[in-house]
file coords36.txt (compact mmCIF, C-alpha atoms)
# COMPACT_ATOMS: atom_id res chain seq x y z
CA MET N 1 -47.70 145.36 -6.45
CA GLU N 2 -50.51 143.01 -5.52
CA ARG N 3 -49.66 140.74 -2.58
CA ILE N 4 -51.31 138.15 -0.38
CA PRO N 5 -50.95 139.16 3.29
CA ILE N 6 -48.98 136.92 5.65
CA LEU N 7 -49.93 137.13 9.33
CA ARG N 8 -47.66 136.12 12.20
CA MET N 9 -49.02 134.44 15.32
CA GLY N 10 -46.32 133.34 17.71
CA ASP N 11 -43.97 131.21 15.69
CA LEU N 12 -46.61 130.46 13.06
CA LEU N 13 -47.28 132.22 9.77
CA LEU N 14 -50.87 132.31 8.53
CA VAL N 15 -51.95 132.85 4.95
CA THR N 16 -55.50 132.96 3.68
CA ILE N 17 -55.76 132.95 -0.08
CA GLN N 18 -58.92 134.83 -0.97
CA VAL N 19 -58.30 135.93 -4.51
CA ASP N 20 -58.24 134.07 -7.81
CA MET N 21 -54.49 133.74 -8.12
CA HIS N 22 -52.68 134.48 -11.32
CA ASP N 23 -49.30 132.85 -11.75
CA ARG N 24 -47.19 135.84 -10.78
CA LEU N 25 -49.14 136.30 -7.56
CA ALA N 26 -48.55 132.63 -6.68
CA MET N 27 -44.81 133.03 -7.25
CA THR N 28 -44.74 136.22 -5.16
CA LEU N 29 -46.46 134.40 -2.30
CA GLN N 30 -43.91 131.59 -2.48
CA ASP N 31 -41.03 134.08 -2.31
CA ASP N 32 -42.64 136.15 0.46
CA LEU N 33 -43.35 133.10 2.58
CA THR N 34 -39.83 131.71 2.43
CA GLU N 35 -38.44 135.12 3.29
CA ARG N 36 -40.81 135.54 6.23
CA ILE N 37 -40.01 132.06 7.59
CA VAL N 38 -36.41 133.15 7.97
CA ARG N 39 -37.07 136.72 9.12
CA ASP N 40 -39.66 135.71 11.75
CA SER N 41 -37.93 132.42 12.68
CA ALA N 42 -41.26 130.73 12.01
CA LYS N 43 -41.68 127.08 12.84
CA GLY N 44 -44.97 126.53 11.07
CA VAL N 45 -46.88 127.80 8.04
CA LEU N 46 -50.63 127.43 7.71
CA ILE N 47 -52.14 128.06 4.29
CA ASP N 48 -55.92 128.35 4.18
CA ILE N 49 -57.27 127.62 0.70
CA SER N 50 -60.95 127.30 1.64
CA ALA N 51 -61.81 130.28 -0.57
CA LEU N 52 -60.04 128.83 -3.62
CA ASP N 53 -62.45 127.26 -6.11
CA LEU N 54 -59.58 125.89 -8.19
CA VAL N 55 -56.10 124.50 -7.70
CA ASP N 56 -54.42 123.89 -11.03
CA SER N 57 -50.96 122.46 -11.63
CA PHE N 58 -49.29 125.85 -11.21
CA ILE N 59 -50.89 126.64 -7.86
CA GLY N 60 -50.37 123.01 -6.82
CA ARG N 61 -46.70 123.24 -7.65
CA MET N 62 -46.42 126.51 -5.73
CA ILE N 63 -47.93 124.82 -2.66
CA SER N 64 -45.61 121.80 -2.95
CA ASN N 65 -42.55 123.99 -3.48
CA THR N 66 -43.44 126.25 -0.57
CA ALA N 67 -43.80 123.22 1.72
CA ALA N 68 -40.46 121.84 0.52
CA MET N 69 -38.67 125.17 1.00
CA ALA N 70 -40.24 125.58 4.44
CA ARG N 71 -39.03 122.11 5.41
CA VAL N 72 -35.48 122.98 4.41
CA LEU N 73 -35.82 126.12 6.53
CA ASP N 74 -36.95 124.06 9.53
CA ALA N 75 -40.64 124.97 9.32
CA GLN N 76 -43.66 122.78 8.71
CA THR N 77 -46.50 123.58 6.33
CA VAL N 78 -50.13 122.60 6.60
CA VAL N 79 -52.68 123.33 3.89
CA VAL N 80 -56.23 123.56 5.21
CA GLY N 81 -59.77 123.91 3.92
CA MET N 82 -59.57 122.37 0.48
CA GLN N 83 -63.03 122.18 -1.11
CA PRO N 84 -64.18 118.64 -2.05
CA ALA N 85 -64.62 119.53 -5.74
CA VAL N 86 -61.09 120.93 -5.77
CA ALA N 87 -59.71 117.75 -4.19
CA ILE N 88 -61.46 115.54 -6.77
CA THR N 89 -60.19 117.67 -9.65
CA LEU N 90 -56.67 117.85 -8.25
CA VAL N 91 -56.31 114.08 -8.04
CA GLU N 92 -57.78 113.52 -11.49
CA LEU N 93 -55.44 116.13 -12.89
CA GLY N 94 -52.63 114.00 -11.49
CA LEU N 95 -51.47 116.20 -8.62
CA THR N 96 -50.98 114.57 -5.26
CA LEU N 97 -49.33 117.45 -3.35
CA HIS N 98 -46.65 115.01 -2.31
CA GLY N 99 -45.07 115.86 1.01
CA VAL N 100 -47.68 118.47 1.91
CA LYS N 101 -49.58 118.04 5.18
CA THR N 102 -53.29 118.83 5.01
CA ALA N 103 -56.09 119.36 7.51
CA LEU N 104 -59.80 119.90 7.04
CA ASN N 105 -59.95 123.32 8.68
CA VAL N 106 -57.86 125.99 10.38
CA GLU N 107 -58.48 124.62 13.86
CA LYS N 108 -57.31 121.13 12.93
CA GLY N 109 -54.40 122.59 11.01
CA MET N 110 -53.29 124.62 14.04
CA ALA N 111 -53.60 121.53 16.21
CA LEU N 112 -51.47 119.59 13.76
CA LEU N 113 -48.78 122.28 13.74
CA GLY N 114 -48.96 122.76 17.52
CA LYS N 115 -48.66 119.08 18.17
CA ASN N 116 -45.73 118.75 15.83
CA LEU N 117 -44.02 121.83 17.22
CA THR N 118 -44.20 120.90 20.91
CA ARG N 119 -43.04 117.39 20.21
CA MET V 1 -57.48 138.00 -32.94
CA ASN V 2 -57.15 137.65 -36.71
CA ALA V 3 -53.62 136.42 -36.33
CA ALA V 4 -54.87 133.61 -34.11
CA THR V 5 -57.24 132.27 -36.74
CA ALA V 6 -54.91 132.38 -39.73
CA VAL V 7 -54.28 128.63 -39.66
CA GLU V 8 -57.13 126.49 -40.96
CA PHE V 9 -57.49 123.85 -38.29
CA ASP V 10 -59.64 120.88 -39.08
CA THR V 11 -60.66 118.22 -36.61
CA GLU V 12 -63.80 116.20 -36.03
CA LEU V 13 -64.43 118.03 -32.83
CA LEU V 14 -64.24 121.40 -34.55
CA GLU V 15 -66.87 120.27 -37.03
CA LEU V 16 -69.03 119.02 -34.21
CA ASN V 17 -68.50 122.29 -32.41
CA ALA V 18 -69.54 124.32 -35.47
CA ARG V 19 -72.71 122.26 -35.87
CA LEU V 20 -73.84 122.33 -32.26
CA ARG V 21 -72.75 125.81 -31.27
CA THR V 22 -75.47 128.14 -30.05
CA ASP V 23 -73.33 130.85 -28.56
CA ARG V 24 -69.69 131.93 -28.67
CA LEU V 25 -67.51 134.20 -26.60
CA THR V 26 -63.92 134.78 -27.70
CA LEU V 27 -61.26 135.80 -25.21
CA PRO V 28 -57.71 136.81 -26.09
CA LEU V 29 -54.90 135.02 -24.23
CA ARG V 30 -51.82 137.19 -23.93
CA GLY V 31 -50.72 137.04 -20.30
CA ASP V 32 -51.35 135.73 -16.79
CA ASP V 33 -54.30 137.98 -16.14
CA ASP V 34 -56.11 136.66 -19.21
CA VAL V 35 -56.07 133.16 -17.70
CA VAL V 36 -57.80 134.52 -14.59
CA GLY V 37 -60.41 136.19 -16.82
CA LEU V 38 -60.88 132.99 -18.82
CA ARG V 39 -61.44 130.96 -15.65
CA LYS V 40 -64.10 133.44 -14.54
CA HIS V 41 -65.96 133.33 -17.86
CA VAL V 42 -65.80 129.54 -18.15
CA ARG V 43 -67.13 129.24 -14.60
CA GLU V 44 -70.04 131.57 -15.42
CA ARG V 45 -70.94 129.61 -18.56
CA ALA V 46 -70.65 126.29 -16.73
CA VAL V 47 -72.96 127.53 -13.99
CA ALA V 48 -75.40 128.86 -16.61
CA ILE V 49 -75.90 125.44 -18.25
CA GLY V 50 -76.18 123.75 -14.86
CA LEU V 51 -72.95 121.76 -14.66
CA SER V 52 -72.43 120.18 -11.24
CA LEU V 53 -69.89 121.85 -8.95
CA VAL V 54 -67.36 119.06 -9.55
CA ASP V 55 -67.76 119.29 -13.33
CA GLN V 56 -67.52 123.09 -13.19
CA THR V 57 -64.28 122.77 -11.25
CA LYS V 58 -62.89 120.19 -13.68
CA LEU V 59 -63.72 122.33 -16.72
CA VAL V 60 -62.35 125.54 -15.19
CA THR V 61 -59.16 123.74 -14.16
CA ALA V 62 -58.72 122.33 -17.68
CA ALA V 63 -59.28 125.85 -19.05
CA SER V 64 -56.59 127.17 -16.74
CA GLU V 65 -54.07 124.52 -17.82
CA LEU V 66 -54.76 124.85 -21.54
CA GLY V 67 -54.95 128.64 -21.42
CA ARG V 68 -51.55 128.74 -19.74
CA ASN V 69 -50.16 126.42 -22.44
CA THR V 70 -51.49 128.74 -25.16
CA ILE V 71 -49.64 131.65 -23.58
CA LYS V 72 -46.48 129.87 -22.45
CA TYR V 73 -45.85 127.53 -25.38
CA GLY V 74 -47.98 129.00 -28.13
CA GLY V 75 -46.82 132.56 -27.59
CA GLY V 76 -50.38 133.72 -26.94
CA GLY V 77 -53.59 133.26 -28.86
CA ALA V 78 -57.27 133.06 -28.07
CA CYS V 79 -59.92 130.85 -26.52
CA HIS V 80 -63.43 130.46 -27.90
CA VAL V 81 -65.88 129.60 -25.14
CA ASP V 82 -68.86 127.94 -26.83
CA LYS V 83 -72.24 126.85 -25.63
CA LEU V 84 -73.16 123.58 -27.35
CA ALA V 85 -76.54 121.84 -27.67
CA ASP V 86 -77.17 118.62 -29.58
CA GLY V 87 -80.89 118.35 -28.86
CA PHE V 88 -80.47 116.01 -25.92
CA ARG V 89 -77.90 117.69 -23.79
CA ASN V 90 -76.02 120.93 -23.30
CA GLY V 91 -72.30 121.35 -23.00
CA ILE V 92 -69.46 123.83 -23.00
CA GLY V 93 -66.83 123.69 -25.71
CA LEU V 94 -63.46 125.37 -25.35
CA LEU V 95 -61.26 125.95 -28.36
CA PHE V 96 -57.72 127.18 -27.78
CA ILE V 97 -55.86 128.47 -30.81
CA ASP V 98 -52.35 129.79 -31.16
CA ASN V 99 -49.93 130.47 -33.98
CA GLY V 100 -46.95 129.21 -32.07
CA PRO V 101 -44.28 126.66 -32.95
CA GLY V 102 -46.62 123.65 -32.78
CA ILE V 103 -45.95 120.37 -30.96
CA PRO V 104 -43.41 118.16 -32.80
CA ASP V 105 -44.15 114.97 -30.83
CA LEU V 106 -47.75 114.93 -29.68
CA ASP V 107 -47.64 111.46 -28.08
CA LEU V 108 -44.75 112.58 -25.93
CA ALA V 109 -46.45 115.87 -25.05
CA LEU V 110 -49.54 113.96 -23.91
CA ARG V 111 -47.54 111.82 -21.52
CA ASP V 112 -47.86 112.54 -17.79
CA GLY V 113 -44.80 114.27 -16.48
CA TYR V 114 -43.36 115.33 -19.83
CA THR V 115 -42.54 119.02 -19.98
CA THR V 116 -40.34 121.36 -21.95
CA GLY V 117 -41.23 124.36 -19.82
CA GLY V 118 -40.08 123.32 -16.37
CA GLY V 119 -43.63 122.66 -15.18
CA LEU V 120 -45.10 119.44 -13.87
CA GLY V 121 -46.02 118.13 -17.31
CA LEU V 122 -49.65 117.68 -16.35
CA GLY V 123 -51.23 120.45 -18.42
CA LEU V 124 -52.19 118.45 -21.52
CA SER V 125 -52.45 114.95 -20.08
CA GLY V 126 -54.23 116.12 -16.95
CA SER V 127 -56.70 118.33 -18.84
CA LYS V 128 -57.62 115.39 -21.03
CA ARG V 129 -58.76 113.48 -17.97
CA LEU V 130 -60.88 116.40 -16.76
CA VAL V 131 -63.10 116.75 -19.87
CA ASP V 132 -65.42 114.48 -21.88
CA GLU V 133 -63.92 115.12 -25.30
CA PHE V 134 -60.43 116.23 -26.22
CA GLU V 135 -58.73 116.79 -29.55
CA ILE V 136 -55.54 118.45 -30.70
CA ASP V 137 -54.59 119.63 -34.14
CA THR V 138 -51.02 120.86 -34.23
CA ARG V 139 -48.79 121.88 -37.13
CA VAL V 140 -45.10 122.43 -36.57
CA GLY V 141 -44.25 126.01 -37.40
CA GLU V 142 -47.91 127.01 -37.78
CA GLY V 143 -49.71 126.60 -34.53
CA THR V 144 -51.88 124.47 -32.31
CA ALA V 145 -55.61 124.08 -31.75
CA VAL V 146 -56.94 122.26 -28.70
CA ALA V 147 -60.67 121.52 -28.54
CA VAL V 148 -62.38 120.17 -25.44
CA VAL V 149 -66.01 119.57 -24.48
CA LYS V 150 -67.68 119.01 -21.15
CA TRP V 151 -71.29 117.79 -21.36
CA LYS V 152 -73.90 118.30 -18.69
CA ARG V 153 -74.66 114.93 -17.19
call {"tool": "encode", "arguments": {"input": "coords36.txt", "output": "structure tokens"}}
result
Amino acid sequence: MERIPILRMGDLLLVTIQVDMHDRLAMTLQDDLTERIVRDSAKGVLIDISALDLVDSFIGRMISNTAAMARVLDAQTVVVGMQPAVAITLVELGLTLHGVKTALNVEKGMALLGKNLTR
Amino acid sequence: MNAATAVEFDTELLELNARLRTDRLTLPLRGDDDVVGLRKHVRERAVAIGLSLVDQTKLVTAASELGRNTIKYGGGGACHVDKLADGFRNGIGLLFIDNGPGIPDLDLALRDGYTTGGGLGLGLSGSKRLVDEFEIDTRVGEGTAVAVVKWKR
């Protein structure tokens, strides 16, 4: 089965979405991530969506749900690298990714997670 | 494909579409993977007529939402991806057709946050905001047609 790889770095999990996601793949990623948070005792999840040229309501919901599940499992989620055109479309569509932390790039996202984690 | 055109839908936008259409590509919508294929084709067409990156993204996102609706609520169907030209400007028309149960209360279905499928309820209402023209013809027990247009600015 097709899967998006999840990399572990210390107590962080890193995901780079580089394929055009169909709905099943998005759901699989959500399940895999929550499972890995527990298995790896991860404290932070960084999702890089810089290669995504579209975030529709399904992918948006997956991101929001993942962040909410991570929070319940004592991990923080940061979404990084959203393209400007995607951001404009997302807001006009009516999605606000409520409760999801964002950063402009991976470096800033890591800093955000690091800062929050060593607090 | 024949099954998806059995209902005679009739809206102003469909007439407009028929008059201004210079090219048509029809894609079946049966499952998840078809939505990915649709997004790819719509993106290619949008690039070909020179839509800006933001407008491409809006149109492709609307296609993704409406294509998913066709599969999830309409039980599958098809999408016609049309190139439109009215002499002054070019545009892309998308026409989604299914032979599903139809939408009993359209006003309600067009409201932000209303859903019968456990989603966010942004598919129809959100898509409407992402395109320049938007029309729905739905018949309970027969099916639904959704026509949208994005013009090159």
call {"tool": "interface_residues", "arguments": {"input": "coords36.txt", "of": "chain N", "to": "chain V", "cutoff": "9 Å", "atoms": "only C-alpha atoms", "output": "list of chain:residue names"}}
result
N:Asp20, N:Met21, N:His22, N:Asp23, N:Arg24, N:Asp53, N:Leu54, N:Val55, N:Asp56, N:Ser57, N:Phe58, N:Arg61, N:Pro84, N:Ala85, N:Val86, N:Ile88, N:Thr89, N:Leu90, N:Glu92, N:Leu93, N:Gly94, N:Leu95
call {"tool": "atom_distance", "arguments": {"input": "coords36.txt", "atom1": "CA of Trp151 (chain V)", "atom2": "CA of Asn90 (chain V)"}}
result
6.0 Å
call {"tool": "residues_around", "arguments": {"input": "coords36.txt", "residues": "Asp74 (chain N)", "least_positions_apart": "2", "cutoff": "10 Å", "atoms": "only C-alpha atoms", "output": "list in words"}}
result
Ile37, Val38, Ser41, Ala42, Lys43, Gly44, Ala68, Met69, Ala70, Arg71, Val72 and Gln76 of chain N
call {"tool": "residues_around", "arguments": {"input": "coords36.txt", "residues": "Met110 (chain N)", "least_positions_apart": "3", "cutoff": "10 Å", "atoms": "all atoms listed in the file", "output": "list of chain:residue names"}}
result
N:Leu12, N:Leu14, N:Gly44, N:Val45, N:Leu46, N:Val78, N:Val80, N:Ala103, N:Asn105, N:Val106, N:Glu107, N:Leu113, N:Gly114, N:Lys115, N:Asn116
call {"tool": "atom_distance", "arguments": {"input": "coords36.txt", "atom1": "CA of Thr102 (chain N)", "atom2": "CA of Thr28 (chain N)"}}
result
21.9 Å
call {"tool": "closest_residue", "arguments": {"input": "coords36.txt", "among": "V:Arg139, V:Arg19, V:Arg45, V:Lys83", "to": "Gly100 (chain V)", "atoms": "all atoms listed in the file"}}
result
V:Arg139
call {"tool": "atom_distance", "arguments": {"input": "coords36.txt", "atom1": "CA of Ile92 (chain V)", "atom2": "CA of Gly81 (chain N)"}}
result
28.6 Å
call {"tool": "decode", "arguments": {"input": "coords36.txt", "residues": "region 62-76 of chain N", "atoms": "N, CA and C atoms", "output": "PDB file, in the first residue's frame"}}
result
ATOM      1  N   MET N  62      -7.738  16.767   7.460  1.00  0.00           N
ATOM      2  CA  MET N  62      -6.748  15.791   7.905  1.00  0.00           C
ATOM      3  C   MET N  62      -5.665  16.490   8.733  1.00  0.00           C
ATOM      4  N   ILE N  63      -5.212  17.652   8.262  1.00  0.00           N
ATOM      5  CA  ILE N  63      -4.167  18.388   8.981  1.00  0.00           C
ATOM      6  C   ILE N  63      -4.680  18.838  10.357  1.00  0.00           C
ATOM      7  N   SER N  64      -5.894  19.399  10.377  1.00  0.00           N
ATOM      8  CA  SER N  64      -6.479  19.846  11.653  1.00  0.00           C
ATOM      9  C   SER N  64      -6.664  18.684  12.619  1.00  0.00           C
ATOM     10  N   ASN N  65      -7.193  17.577  12.106  1.00  0.00           N
ATOM     11  CA  ASN N  65      -7.421  16.403  12.957  1.00  0.00           C
ATOM     12  C   ASN N  65      -6.110  15.854  13.507  1.00  0.00           C
ATOM     13  N   THR N  66      -5.100  15.781  12.632  1.00  0.00           N
ATOM     14  CA  THR N  66      -3.807  15.263  13.065  1.00  0.00           C
ATOM     15  C   THR N  66      -3.252  16.116  14.198  1.00  0.00           C
ATOM     16  N   ALA N  67      -3.355  17.452  14.028  1.00  0.00           N
ATOM     17  CA  ALA N  67      -2.845  18.352  15.068  1.00  0.00           C
ATOM     18  C   ALA N  67      -3.614  18.150  16.371  1.00  0.00           C
ATOM     19  N   ALA N  68      -4.936  17.970  16.265  1.00  0.00           N
ATOM     20  CA  ALA N  68      -5.754  17.781  17.466  1.00  0.00           C
ATOM     21  C   ALA N  68      -5.418  16.457  18.147  1.00  0.00           C
ATOM     22  N   MET N  69      -5.253  15.400  17.363  1.00  0.00           N
ATOM     23  CA  MET N  69      -4.906  14.091  17.938  1.00  0.00           C
ATOM     24  C   MET N  69      -3.531  14.139  18.586  1.00  0.00           C
ATOM     25  N   ALA N  70      -2.591  14.822  17.913  1.00  0.00           N
ATOM     26  CA  ALA N  70      -1.237  14.947  18.451  1.00  0.00           C
ATOM     27  C   ALA N  70      -1.286  15.658  19.801  1.00  0.00           C
ATOM     28  N   ARG N  71      -2.094  16.719  19.867  1.00  0.00           N
ATOM     29  CA  ARG N  71      -2.194  17.491  21.103  1.00  0.00           C
ATOM     30  C   ARG N  71      -2.673  16.609  22.247  1.00  0.00           C
ATOM     31  N   VAL N  72      -3.672  15.803  21.966  1.00  0.00           N
ATOM     32  CA  VAL N  72      -4.207  14.901  22.991  1.00  0.00           C
ATOM     33  C   VAL N  72      -3.143  13.894  23.415  1.00  0.00           C
ATOM     34  N   LEU N  73      -2.246  13.578  22.491  1.00  0.00           N
ATOM     35  CA  LEU N  73      -1.172  12.622  22.789  1.00  0.00           C
ATOM     36  C   LEU N  73       0.102  13.333  23.248  1.00  0.00           C
ATOM     37  N   ASP N  74      -0.043  14.564  23.683  1.00  0.00           N
ATOM     38  CA  ASP N  74       1.064  15.339  24.252  1.00  0.00           C
ATOM     39  C   ASP N  74       2.171  15.650  23.243  1.00  0.00           C
ATOM     40  N   ALA N  75       1.786  15.894  22.001  1.00  0.00           N
ATOM     41  CA  ALA N  75       2.772  16.308  20.997  1.00  0.00           C
ATOM     42  C   ALA N  75       2.244  17.548  20.279  1.00  0.00           C
ATOM     43  N   GLN N  76       3.156  18.376  19.812  1.00  0.00           N
ATOM     44  CA  GLN N  76       2.748  19.582  19.106  1.00  0.00           C
ATOM     45  C   GLN N  76       2.991  19.428  17.613  1.00  0.00           C
TER      46      GLN N  76
END
